[in-house]
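Colleague: work.cif (mmCIF, C-alpha atoms (C1' of nucleotides)) pasted underneath:
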data_model
#
loop_
_atom_site.label_atom_id
_atom_site.label_comp_id
_atom_site.auth_asym_id
_atom_site.auth_seq_id
_atom_site.Cartn_x
_atom_site.Cartn_y
_atom_site.Cartn_z
CA MET A 379 7.85 17.54 -38.18
CA THR A 380 5.18 19.02 -40.48
CA THR A 381 2.24 21.05 -39.23
CA VAL A 382 -0.10 18.21 -40.07
CA GLN A 383 2.05 15.73 -38.22
CA ARG A 384 2.27 18.03 -35.18
CA GLU A 385 -1.48 18.51 -35.11
CA HIS A 386 -1.94 14.79 -35.44
CA GLN A 387 0.49 14.27 -32.57
CA GLN A 388 -1.23 16.91 -30.44
CA GLY A 389 -4.59 15.34 -31.22
CA HIS A 390 -3.25 12.02 -30.06
CA LEU A 391 -1.91 13.47 -26.86
CA ARG A 392 -5.10 15.37 -26.13
CA THR A 393 -7.09 12.18 -26.63
CA SER A 394 -4.70 10.15 -24.53
CA ALA A 395 -4.67 12.73 -21.77
CA GLY A 396 -8.45 12.74 -21.53
CA LEU A 397 -8.57 8.97 -21.60
CA ALA A 398 -5.81 8.71 -18.99
CA SER A 399 -7.59 10.96 -16.50
CA GLU A 400 -10.74 8.84 -16.77
CA LEU A 401 -9.10 5.44 -16.90
CA ARG A 402 -6.68 6.04 -14.03
CA PRO A 403 -9.20 6.45 -11.19
CA SER A 404 -11.27 3.49 -12.40
CA VAL A 405 -8.26 1.21 -12.51
CA MET A 406 -6.84 2.40 -9.20
CA ARG A 407 -10.17 2.10 -7.42
CA LEU A 408 -10.70 -1.47 -8.62
CA ALA A 409 -7.16 -2.39 -7.62
CA ARG A 410 -7.67 -0.85 -4.18
CA ARG A 411 -10.79 -2.93 -3.60
CA LEU A 412 -9.06 -6.07 -4.86
CA ARG A 413 -6.13 -5.44 -2.54
CA GLN A 414 -8.49 -5.38 0.42
CA VAL A 415 -9.68 -8.89 -0.39
CA ARG A 416 -7.39 -11.14 1.62
CA ASP A 417 -7.41 -13.81 4.26
CA GLU A 418 -7.17 -12.19 7.66
CA ARG A 419 -6.49 -15.52 9.31
CA ASP A 420 -2.94 -15.62 7.98
CA GLU A 421 -1.43 -13.08 10.32
CA LEU A 422 1.14 -11.83 7.82
CA ASN A 423 1.80 -8.16 7.32
CA PRO A 424 1.71 -6.62 3.82
CA ASN A 425 5.49 -6.84 3.42
CA GLN A 426 5.60 -10.52 4.27
CA LEU A 427 2.78 -11.26 1.82
CA SER A 428 4.52 -9.19 -0.82
CA VAL A 429 7.78 -11.10 -0.39
CA LEU A 430 5.93 -14.40 -0.80
CA ALA A 431 4.36 -13.07 -3.99
CA VAL A 432 7.76 -11.97 -5.31
CA LEU A 433 9.11 -15.47 -4.70
CA VAL A 434 6.15 -16.99 -6.55
CA ASN A 435 6.78 -14.68 -9.51
CA HIS A 436 10.60 -14.66 -9.60
CA GLY A 437 11.55 -17.95 -8.01
CA ASP A 438 13.96 -18.30 -5.10
CA LEU A 439 16.17 -15.25 -4.55
CA PRO A 440 18.94 -14.15 -2.17
CA ILE A 441 18.16 -11.64 0.58
CA GLY A 442 19.88 -8.78 -1.20
CA GLU A 443 17.86 -9.11 -4.39
CA LEU A 444 14.65 -9.45 -2.40
CA ALA A 445 15.51 -6.25 -0.54
CA ALA A 446 16.19 -4.42 -3.81
CA LEU A 447 12.96 -5.62 -5.42
CA GLU A 448 10.91 -4.68 -2.35
CA LYS A 449 12.75 -1.37 -1.95
CA VAL A 450 13.75 -2.00 1.66
CA GLN A 451 17.21 -2.19 3.22
CA PRO A 452 18.88 -5.60 3.72
CA PRO A 453 18.47 -5.58 7.52
CA SER A 454 14.73 -5.10 7.09
CA MET A 455 14.57 -8.00 4.65
CA THR A 456 16.50 -10.16 7.11
CA ARG A 457 13.79 -9.47 9.65
CA ILE A 458 10.93 -10.09 7.20
CA VAL A 459 12.46 -13.37 6.04
CA ASN A 460 13.08 -14.42 9.66
CA GLY A 461 9.37 -14.02 10.31
CA LEU A 462 8.46 -16.08 7.25
CA GLU A 463 11.05 -18.74 8.14
CA GLU A 464 9.73 -19.07 11.72
CA ARG A 465 6.33 -19.87 10.23
CA GLY A 466 7.83 -22.43 7.87
CA LEU A 467 6.75 -20.48 4.77
CA VAL A 468 10.28 -20.04 3.41
CA ALA A 469 13.65 -21.69 4.09
CA ARG A 470 17.17 -20.33 3.69
CA GLN A 471 19.18 -22.55 1.37
CA PRO A 472 22.97 -22.15 1.36
CA ASP A 473 24.41 -20.97 -1.93
CA ALA A 474 26.66 -23.68 -3.32
CA THR A 475 29.21 -21.29 -4.86
CA ASP A 476 29.21 -18.38 -2.38
CA ARG A 477 29.04 -19.31 1.27
CA ARG A 478 28.33 -15.73 2.33
CA SER A 479 24.97 -15.87 0.60
CA SER A 480 21.87 -18.01 0.76
CA ARG A 481 18.77 -18.21 -1.37
CA VAL A 482 15.36 -17.74 0.17
CA HIS A 483 13.38 -20.77 -0.92
CA LEU A 484 9.60 -20.60 -1.10
CA CYS A 485 8.08 -23.58 0.68
CA ASP A 486 4.85 -25.06 -0.54
CA SER A 487 2.96 -23.68 2.46
CA GLY A 488 4.13 -20.18 1.48
CA ARG A 489 3.13 -20.69 -2.13
CA GLN A 490 -0.31 -21.86 -1.06
CA ILE A 491 -0.91 -18.66 0.88
CA VAL A 492 -0.19 -16.55 -2.21
CA LEU A 493 -2.28 -18.75 -4.48
CA ALA A 494 -5.14 -18.78 -1.99
CA ASN A 495 -5.19 -14.99 -1.83
CA ARG A 496 -5.17 -14.79 -5.62
CA ARG A 497 -8.05 -17.24 -5.80
CA ARG A 498 -9.95 -15.19 -3.25
CA ARG A 499 -9.50 -12.03 -5.29
CA ASP A 500 -10.37 -13.77 -8.52
CA GLN A 501 -13.56 -15.09 -6.94
CA TRP A 502 -14.47 -11.65 -5.64
CA LEU A 503 -13.98 -10.19 -9.11
CA ALA A 504 -15.67 -13.08 -10.91
CA ILE A 505 -18.85 -12.56 -8.89
CA ARG A 506 -18.96 -8.95 -10.03
CA LEU A 507 -18.12 -9.79 -13.63
CA ALA A 508 -20.95 -12.33 -13.66
CA GLU A 509 -23.37 -9.45 -13.06
CA LEU A 510 -22.32 -7.83 -16.34
CA ASP A 511 -23.74 -8.79 -19.69
CA ALA A 512 -21.79 -10.77 -22.28
CA ALA A 513 -20.95 -7.71 -24.38
CA GLU A 514 -19.48 -5.89 -21.41
CA ARG A 515 -17.36 -8.88 -20.49
CA GLU A 516 -16.20 -9.04 -24.10
CA VAL A 517 -14.95 -5.45 -23.88
CA LEU A 518 -13.03 -6.30 -20.71
CA ARG A 519 -11.60 -9.37 -22.40
CA LEU A 520 -10.39 -7.20 -25.27
CA CYS A 521 -8.77 -4.70 -22.94
CA ILE A 522 -6.54 -7.24 -21.17
CA PRO A 523 -3.85 -7.46 -23.88
CA ILE A 524 -3.99 -3.67 -24.21
CA LEU A 525 -3.40 -3.20 -20.49
CA GLU A 526 -0.52 -5.64 -20.73
CA LYS A 527 0.91 -3.56 -23.57
CA VAL A 528 0.69 -0.49 -21.34
CA ASN A 529 2.26 -2.39 -18.45
CA HIS A 530 5.22 -3.46 -20.52
CA ALA A 531 5.73 -0.11 -22.23
CA MET B 1030 -33.59 -24.00 -11.41
CA THR B 1031 -33.63 -26.18 -14.53
CA THR B 1032 -30.63 -28.09 -15.83
CA VAL B 1033 -30.37 -25.71 -18.76
CA GLN B 1034 -30.48 -22.68 -16.47
CA ARG B 1035 -27.87 -24.21 -14.18
CA GLU B 1036 -25.58 -24.93 -17.09
CA HIS B 1037 -26.11 -21.42 -18.36
CA GLN B 1038 -25.28 -20.07 -14.90
CA GLN B 1039 -22.22 -22.26 -14.61
CA GLY B 1040 -21.13 -21.20 -18.06
CA HIS B 1041 -21.44 -17.58 -16.98
CA LEU B 1042 -19.43 -18.20 -13.86
CA ARG B 1043 -16.80 -20.19 -15.70
CA THR B 1044 -16.45 -17.37 -18.21
CA SER B 1045 -16.35 -14.73 -15.47
CA ALA B 1046 -13.84 -16.73 -13.46
CA GLY B 1047 -11.49 -17.05 -16.40
CA LEU B 1048 -11.86 -13.39 -17.24
CA ALA B 1049 -11.33 -12.40 -13.62
CA SER B 1050 -8.08 -14.32 -13.29
CA GLU B 1051 -6.72 -12.61 -16.39
CA LEU B 1052 -8.07 -9.14 -15.75
CA ARG B 1053 -7.05 -8.96 -12.08
CA PRO B 1054 -3.25 -9.08 -12.51
CA SER B 1055 -3.35 -6.61 -15.40
CA VAL B 1056 -5.37 -4.11 -13.40
CA MET B 1057 -3.35 -4.56 -10.21
CA ARG B 1058 -0.03 -4.26 -12.03
CA LEU B 1059 -1.05 -1.04 -13.75
CA ALA B 1060 -2.34 0.38 -10.47
CA ARG B 1061 0.90 -0.54 -8.72
CA ARG B 1062 2.95 1.29 -11.32
CA LEU B 1063 0.64 4.30 -11.18
CA ARG B 1064 0.94 4.39 -7.39
CA GLN B 1065 4.69 4.63 -7.68
CA VAL B 1066 4.38 7.83 -9.73
CA ARG B 1067 4.49 10.62 -7.15
CA ASP B 1068 6.39 13.70 -6.22
CA GLU B 1069 9.19 12.76 -3.88
CA ARG B 1070 9.81 16.38 -3.00
CA ASP B 1071 6.71 16.56 -0.83
CA GLU B 1072 8.00 14.71 2.17
CA LEU B 1073 4.63 13.26 3.13
CA ASN B 1074 4.21 9.62 4.01
CA PRO B 1075 1.54 7.49 2.30
CA ASN B 1076 -0.94 7.95 5.13
CA GLN B 1077 -0.68 11.70 5.03
CA LEU B 1078 -1.14 11.74 1.25
CA SER B 1079 -4.08 9.39 1.58
CA VAL B 1080 -5.77 11.63 4.15
CA LEU B 1081 -5.39 14.62 1.84
CA ALA B 1082 -6.95 12.59 -0.99
CA VAL B 1083 -9.86 11.58 1.24
CA LEU B 1084 -10.47 15.22 2.08
CA VAL B 1085 -10.43 16.11 -1.63
CA ASN B 1086 -12.98 13.38 -2.34
CA HIS B 1087 -15.23 13.68 0.72
CA GLY B 1088 -14.80 17.28 1.80
CA ASP B 1089 -13.85 18.37 5.32
CA LEU B 1090 -14.37 15.68 7.95
CA PRO B 1091 -13.93 15.27 11.73
CA ILE B 1092 -10.98 13.24 13.05
CA GLY B 1093 -13.14 10.25 13.97
CA GLU B 1094 -14.60 9.85 10.50
CA LEU B 1095 -11.19 10.24 8.91
CA ALA B 1096 -9.84 7.54 11.21
CA ALA B 1097 -12.71 5.19 10.28
CA LEU B 1098 -12.28 5.80 6.53
CA GLU B 1099 -8.52 5.26 6.73
CA LYS B 1100 -8.92 2.27 9.05
CA VAL B 1101 -6.61 3.63 11.75
CA GLN B 1102 -7.36 4.39 15.40
CA PRO B 1103 -8.27 7.96 16.42
CA PRO B 1104 -4.92 8.60 18.20
CA SER B 1105 -3.09 7.72 15.01
CA MET B 1106 -5.27 10.10 13.03
CA THR B 1107 -4.59 12.83 15.59
CA ARG B 1108 -0.90 12.35 14.89
CA ILE B 1109 -1.32 12.27 11.09
CA VAL B 1110 -3.45 15.41 11.12
CA ASN B 1111 -0.96 17.17 13.44
CA GLY B 1112 1.73 16.57 10.84
CA LEU B 1113 -0.44 17.95 8.05
CA GLU B 1114 -1.46 20.93 10.18
CA GLU B 1115 2.17 21.78 11.00
CA ARG B 1116 2.82 22.00 7.27
CA GLY B 1117 -0.21 24.21 6.75
CA LEU B 1118 -1.92 21.66 4.50
CA VAL B 1119 -5.01 21.28 6.70
CA ALA B 1120 -6.54 23.31 9.53
CA ARG B 1121 -8.74 22.22 12.42
CA GLN B 1122 -12.01 24.15 12.39
CA PRO B 1123 -14.16 24.07 15.53
CA ASP B 1124 -17.55 22.46 15.07
CA ALA B 1125 -20.24 25.05 15.67
CA THR B 1126 -22.74 22.67 17.25
CA ASP B 1127 -20.45 20.24 19.13
CA ARG B 1128 -17.51 21.78 20.90
CA ARG B 1129 -15.86 18.39 21.53
CA SER B 1130 -15.33 17.95 17.82
CA SER B 1131 -13.62 19.85 15.05
CA ARG B 1132 -13.58 19.40 11.31
CA VAL B 1133 -10.32 18.89 9.47
CA HIS B 1134 -10.37 21.48 6.73
CA LEU B 1135 -8.34 20.94 3.56
CA CYS B 1136 -6.32 24.05 2.77
CA ASP B 1137 -5.61 25.02 -0.81
CA SER B 1138 -1.95 24.03 -0.46
CA GLY B 1139 -3.07 20.54 0.59
CA ARG B 1140 -5.49 20.28 -2.32
CA GLN B 1141 -2.76 21.32 -4.76
CA ILE B 1142 -0.53 18.46 -3.61
CA VAL B 1143 -3.24 15.90 -4.34
CA LEU B 1144 -4.12 17.45 -7.69
CA ALA B 1145 -0.45 17.67 -8.67
CA ASN B 1146 0.06 13.98 -7.94
CA ARG B 1147 -3.02 13.10 -9.97
CA ARG B 1148 -1.76 15.19 -12.86
CA ARG B 1149 1.60 13.46 -12.66
CA ARG B 1150 -0.02 10.03 -12.83
CA ASP B 1151 -2.33 11.07 -15.64
CA GLN B 1152 0.63 12.34 -17.63
CA TRP B 1153 2.56 9.13 -17.05
CA LEU B 1154 -0.40 7.11 -18.26
CA ALA B 1155 -1.20 9.45 -21.16
CA ILE B 1156 2.30 8.99 -22.56
CA ARG B 1157 1.79 5.23 -22.61
CA LEU B 1158 -1.71 5.50 -24.06
CA ALA B 1159 -0.38 7.69 -26.84
CA GLU B 1160 1.76 4.76 -27.98
CA LEU B 1161 -1.37 2.68 -28.61
CA ASP B 1162 -3.38 2.86 -31.80
CA ALA B 1163 -6.79 4.52 -31.96
CA ALA B 1164 -8.70 1.23 -31.89
CA GLU B 1165 -6.93 0.13 -28.72
CA ARG B 1166 -7.68 3.42 -27.02
CA GLU B 1167 -11.30 3.04 -28.08
CA VAL B 1168 -11.47 -0.30 -26.30
CA LEU B 1169 -10.07 1.28 -23.15
CA ARG B 1170 -12.57 4.12 -23.45
CA LEU B 1171 -15.38 1.58 -23.65
CA CYS B 1172 -14.17 -0.29 -20.60
CA ILE B 1173 -14.22 2.73 -18.27
CA PRO B 1174 -17.98 2.72 -17.58
CA ILE B 1175 -17.82 -1.06 -17.20
CA LEU B 1176 -15.07 -0.81 -14.62
CA GLU B 1177 -17.14 1.81 -12.82
CA LYS B 1178 -20.08 -0.59 -12.83
CA VAL B 1179 -17.84 -3.21 -11.24
CA ASN B 1180 -16.53 -0.69 -8.73
CA HIS B 1181 -20.03 0.27 -7.63
CA ALA B 1182 -21.38 -3.27 -7.57
"C1'" DT C 96 -23.37 8.26 31.33
"C1'" DA C 97 -21.71 8.32 26.50
"C1'" DT C 98 -18.86 10.41 23.05
"C1'" DT C 99 -14.94 13.14 20.73
"C1'" DG C 100 -10.49 13.81 20.78
"C1'" DT C 101 -5.88 14.05 23.05
"C1'" DT C 102 -1.97 12.45 25.92
"C1'" DA C 103 0.93 8.60 27.78
"C1'" DT C 104 3.07 4.44 26.87
"C1'" DA C 105 4.38 0.18 24.68
"C1'" DC C 106 5.00 -2.36 20.43
"C1'" DT C 107 6.11 -3.02 15.53
"C1'" DC C 108 8.62 -2.01 11.67
"C1'" DT C 109 12.33 0.30 9.23
"C1'" DA C 110 16.83 2.48 8.60
"C1'" DT C 111 21.76 3.48 9.67
"C1'" DA C 112 25.98 1.89 11.61
"C1'" DA C 113 28.90 -1.57 13.11
"C1'" DC C 114 30.22 -6.27 12.79
"C1'" DT C 115 31.08 -11.29 10.95
"C1'" DA C 116 32.16 -14.34 7.50
"C1'" DT C 117 33.56 -15.09 2.98
"C1'" DA C 118 35.21 -13.66 -1.69
"C1'" DT D 1004 39.80 -4.79 0.11
"C1'" DA D 1005 35.00 -5.60 -1.18
"C1'" DT D 1006 30.64 -7.94 -0.57
"C1'" DA D 1007 26.42 -10.66 1.60
"C1'" DG D 1008 24.19 -10.87 5.44
"C1'" DT D 1009 23.33 -10.20 10.47
"C1'" DT D 1010 23.21 -7.76 14.90
"C1'" DA D 1011 22.72 -3.44 17.58
"C1'" DT D 1012 20.50 0.68 18.12
"C1'" DA D 1013 17.69 4.61 17.17
"C1'" DG D 1014 13.78 6.76 14.80
"C1'" DA D 1015 9.03 6.72 12.73
"C1'" DG D 1016 4.47 5.18 13.11
"C1'" DT D 1017 0.59 2.62 15.16
"C1'" DA D 1018 -2.27 0.74 18.86
"C1'" DT D 1019 -4.18 0.34 23.58
"C1'" DA D 1020 -5.21 2.56 27.84
"C1'" DA D 1021 -6.09 6.45 30.47
"C1'" DC D 1022 -7.70 11.06 30.52
"C1'" DA D 1023 -10.16 15.76 29.49
"C1'" DA D 1024 -13.87 18.18 27.77
"C1'" DT D 1025 -18.42 18.24 26.21
"C1'" DA D 1026 -22.96 16.17 25.00
#
Would you mind giving the structure from this file in structure tokens?
Modeller:
Amino acid sequence: MTTVQREHQQGHLRTSAGLASELRPSVMRLARRLRQVRDERDELNPNQLSVLAVLVNHGDLPIGELAALEKVQPPSMTRIVNGLEERGLVARQPDATDRRSSRVHLCDSGRQIVLANRRRRDQWLAIRLAELDAAEREVLRLCIPILEKVNHA
Amino acid sequence: MTTVQREHQQGHLRTSAGLASELRPSVMRLARRLRQVRDERDELNPNQLSVLAVLVNHGDLPIGELAALEKVQPPSMTRIVNGLEERGLVARQPDATDRRSSRVHLCDSGRQIVLANRRRRDQWLAIRLAELDAAEREVLRLCIPILEKVNHA
DNA sequence: TATTGTTATACTCTATAACTATA
DNA sequence: TATAGTTATAGAGTATAACAATA
């Protein structure tokens, strides 16, 4: 690497470091406030809601994969899924090829809870975005694909 | 409100709603990944780390106010603070004017843990920002004050 | 009498270990 | 013999209730 290239690289990193330390708290604070927006009537704990969201995003999954994705042990996931099943939000479906296993199927009532919470958060955010001017919203619109690029890096 | 004004308003809301539903997942996903970046050596649970961060942001506070900010009951905060005090990360300081109360003082070792975690997250993000081009970083730079406006709305 | 914080106790949630059923 | 999942049990962590000290 040449001196010019190294200085260019260092300049990049310096710029990125400064940007990161300003962007991080703004993003985390907004996410924290969005996370607080949820329906308190559905008496589900954060783990149960998170499992429902995973099923919406990934489709039906066996207990073991759910446990791995949620970073809990299988016995804990058994308990979480039991709670969701008792409420009729998911249903265990026997695996056709392996009778030890069963897939956790997301029922429509479970899906509706996730979608309703997302709508609630979107509405909360939309109200605040409506207070901005068009140019500010345009900047936010531009940053979405960039954030996605960062997310998938 | 005139028909034109109503349509203008609805147009605004429609625009903001669409933007919100795209921006929300991007922001929440990035925040989730940032939250996962932490030092596993410090054997503190999320609540303990959160209390340290509150003390960094708000300064020393009495147990009751900490409990209210963290949305836990006072006995739970007593327990959390006991754990932090045993590790020398905070210290109870008697209140000069009210001898029932004491302020939870953030020790330097406690502050360093919070700052170290922030540095870690900033570095993680900076590496990903460095992979963007200058124009993309400029967009993100522009969006910071807008996000702050949303956060303070 | 009201308030701040702690102690006592019960409940919830999670993990580890042991077990069942199937591969 | 190995694997998916459940049951049994113990360990954190939180909440409610009762209490102590002070205002």
Colleague: Could you give me, as JSON, numbers by chain, the residues that sit within 7 Å of (-19.0, -13.7, -7.3) in the file's coordinates, counting only C-alpha atoms (C1' of nucleotides)?
Modeller: {"A": [501, 502, 503, 504, 505, 506, 508]}
Colleague: Take atom C1' of C:DA103 and atom CA of B:His1134 and report the distance between them in Å, one decimal.
Modeller: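 We find that atom C1' of C:DA103 and atom CA of B:His1134 lie 27.1 Å from each other.
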Colleague: List every residue of chain B that has an atom at most 10 Å from any atom of chain C, giving for each one its closest atom pair and the distance in Å to one decimal, counting all atoms listed in the file, sorted by chain and then by ascending residue number, as JSON lines.
Modeller:
{"residue": "B:Pro1091", "atom": "CA", "partner": "C:DT99", "partner_atom": "C1'", "distance": 9.3}
{"residue": "B:Ile1092", "atom": "CA", "partner": "C:DG100", "partner_atom": "C1'", "distance": 7.8}
{"residue": "B:Gly1093", "atom": "CA", "partner": "C:DT99", "partner_atom": "C1'", "distance": 7.6}
{"residue": "B:Pro1103", "atom": "CA", "partner": "C:DG100", "partner_atom": "C1'", "distance": 7.6}
{"residue": "B:Pro1104", "atom": "CA", "partner": "C:DT101", "partner_atom": "C1'", "distance": 7.4}
{"residue": "B:Thr1107", "atom": "CA", "partner": "C:DT101", "partner_atom": "C1'", "distance": 7.7}
{"residue": "B:Arg1108", "atom": "CA", "partner": "C:DT101", "partner_atom": "C1'", "distance": 9.7}
{"residue": "B:Asp1127", "atom": "CA", "partner": "C:DT99", "partner_atom": "C1'", "distance": 9.1}
{"residue": "B:Arg1128", "atom": "CA", "partner": "C:DT99", "partner_atom": "C1'", "distance": 9.0}
{"residue": "B:Arg1129", "atom": "CA", "partner": "C:DT99", "partner_atom": "C1'", "distance": 5.4}
{"residue": "B:Ser1130", "atom": "CA", "partner": "C:DT99", "partner_atom": "C1'", "distance": 5.6}
{"residue": "B:Ser1131", "atom": "CA", "partner": "C:DT99", "partner_atom": "C1'", "distance": 8.9}
Colleague: Please determine an axis-aligned box that encloses all atoms of stretch 411-414 of chain A listed in the file, with 3 Å added on each side, and express its centre and edge lengths in Å to one decimal as lines of an AutoDock Vina configuration file.
Modeller:
center_x = -8.5
center_y = -4.5
center_z = -2.2
size_x = 10.7
size_y = 9.1
size_z = 11.3
Colleague: Under the rule of at most 7 Å, produce a per-residue listing of chain A near chain B: chain, number, name, the closest pair of atoms, and the distance in Å, as a tab-separated table, using only C-alpha atoms.
Modeller:
residue	atom	partner	partner_atom	distance
A:His390	CA	B:Ala1159	CA	6.1
A:Leu391	CA	B:Ala1159	CA	6.0
A:Ser394	CA	B:Ala1155	CA	4.9
A:Ala395	CA	B:Ala1155	CA	4.8
A:Leu397	CA	B:Arg1170	CA	6.6
A:Ala398	CA	B:Ala1155	CA	5.1
A:Ser399	CA	B:Asp1151	CA	5.3
A:Leu401	CA	B:Ile1173	CA	6.0
A:Arg402	CA	B:Asp1151	CA	6.8
A:Ser404	CA	B:Glu1177	CA	6.1
A:Val405	CA	B:Val1056	CA	6.1
A:Met406	CA	B:Ala1060	CA	5.1
A:Leu408	CA	B:Asn1180	CA	5.9
A:Ala409	CA	B:Met1057	CA	5.1
A:Asp500	CA	B:Ser1050	CA	5.3
A:Gln501	CA	B:Ala1046	CA	6.7
A:Leu503	CA	B:Ala1049	CA	5.7
A:Ala504	CA	B:Ala1046	CA	4.8
A:Arg506	CA	B:Val1179	CA	6.0
A:Leu507	CA	B:Ser1045	CA	5.6
A:Ala508	CA	B:Ser1045	CA	5.5
A:Glu514	CA	B:Ile1175	CA	6.6
A:Val517	CA	B:Cys1172	CA	6.2
A:Leu518	CA	B:Cys1172	CA	6.1
A:Arg519	CA	B:Leu1048	CA	6.5
A:Cys521	CA	B:Leu1169	CA	6.1
A:Ile522	CA	B:Leu1052	CA	5.9
A:Ile524	CA	B:Glu1165	CA	6.6
A:Leu525	CA	B:Ser1055	CA	6.1
A:Glu526	CA	B:Ser1055	CA	6.1
A:Val528	CA	B:Arg1157	CA	6.0
A:Asn529	CA	B:Leu1059	CA	5.9
A:Ala531	CA	B:Arg1157	CA	6.6
Colleague: I'd like the residues picked by the PyMOL selection byres ((chain D) within 10 of (chain B)) written out as a PyMOL selection string, using the chain letters and numbers from the file.
Modeller: chain D and resi 1016-1019+1024-1026
Colleague: Could you jot down the atom CA of B:Gly1139 to atom CA of A:Gln414 separation for me, Å, one decimal place?
Modeller: 26.5 Å
Colleague: In Å, with one decimal, what is the gap from atom CA of B:Asn1111 to atom C1' of D:DA1021?
Modeller: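 Atom C1' of D:DA1021 lies 20.8 Å from atom CA of B:Asn1111.
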Colleague: Might you pull out every residue within 12 Å of A:Val468, with only C-alpha atoms (C1' of nucleotides) counted and same-chain residues fewer than 4 positions away left off, and present them as number ranges by chain?
Modeller: A: 426-427, 429-431, 433-434, 437-441, 458-464, 481-491
Colleague: With N, CA, C and O atoms as the target, complete stretch 445-458 of chain A and hand it back as a short mmCIF file (atom, residue, chain, number, x, y, z; two decimals), in the coordinates of the input.
Modeller:
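Printed below is selection-v6.cif as written:
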data_model
loop_
_atom_site.label_atom_id
_atom_site.label_comp_id
_atom_site.auth_asym_id
_atom_site.auth_seq_id
_atom_site.Cartn_x
_atom_site.Cartn_y
_atom_site.Cartn_z
N ALA A 445 15.55 -7.60 -1.13
CA ALA A 445 15.51 -6.25 -0.54
C ALA A 445 15.42 -5.20 -1.64
O ALA A 445 14.65 -4.25 -1.54
N ALA A 446 16.21 -5.39 -2.71
CA ALA A 446 16.19 -4.42 -3.81
C ALA A 446 14.82 -4.38 -4.48
O ALA A 446 14.26 -3.31 -4.73
N LEU A 447 14.26 -5.56 -4.76
CA LEU A 447 12.96 -5.62 -5.42
C LEU A 447 11.86 -4.98 -4.56
O LEU A 447 10.96 -4.33 -5.07
N GLU A 448 11.94 -5.18 -3.26
CA GLU A 448 10.91 -4.68 -2.35
C GLU A 448 11.22 -3.26 -1.87
O GLU A 448 10.46 -2.70 -1.07
N LYS A 449 12.35 -2.73 -2.33
CA LYS A 449 12.75 -1.37 -1.95
C LYS A 449 12.80 -1.19 -0.44
O LYS A 449 12.27 -0.23 0.13
N VAL A 450 13.43 -2.16 0.24
CA VAL A 450 13.75 -2.00 1.66
C VAL A 450 15.25 -2.28 1.83
O VAL A 450 15.88 -2.82 0.91
N GLN A 451 15.80 -1.95 2.96
CA GLN A 451 17.21 -2.19 3.22
C GLN A 451 17.41 -3.65 3.62
O GLN A 451 16.51 -4.28 4.18
N PRO A 452 18.62 -4.19 3.39
CA PRO A 452 18.88 -5.60 3.72
C PRO A 452 18.52 -5.99 5.16
O PRO A 452 17.95 -7.07 5.35
N PRO A 453 18.85 -5.16 6.16
CA PRO A 453 18.47 -5.58 7.52
C PRO A 453 16.96 -5.77 7.68
O PRO A 453 16.52 -6.66 8.42
N SER A 454 16.18 -4.95 7.01
CA SER A 454 14.73 -5.10 7.09
C SER A 454 14.30 -6.42 6.44
O SER A 454 13.42 -7.12 6.95
N MET A 455 14.93 -6.75 5.32
CA MET A 455 14.57 -8.00 4.65
C MET A 455 14.98 -9.20 5.49
O MET A 455 14.26 -10.20 5.54
N THR A 456 16.11 -9.09 6.18
CA THR A 456 16.50 -10.16 7.11
C THR A 456 15.37 -10.42 8.10
O THR A 456 14.98 -11.57 8.36
N ARG A 457 14.85 -9.34 8.66
CA ARG A 457 13.79 -9.47 9.65
C ARG A 457 12.52 -10.08 9.04
O ARG A 457 11.88 -10.96 9.63
N ILE A 458 12.14 -9.59 7.86
CA ILE A 458 10.93 -10.09 7.20
C ILE A 458 11.07 -11.59 6.91
O ILE A 458 10.16 -12.38 7.19
#
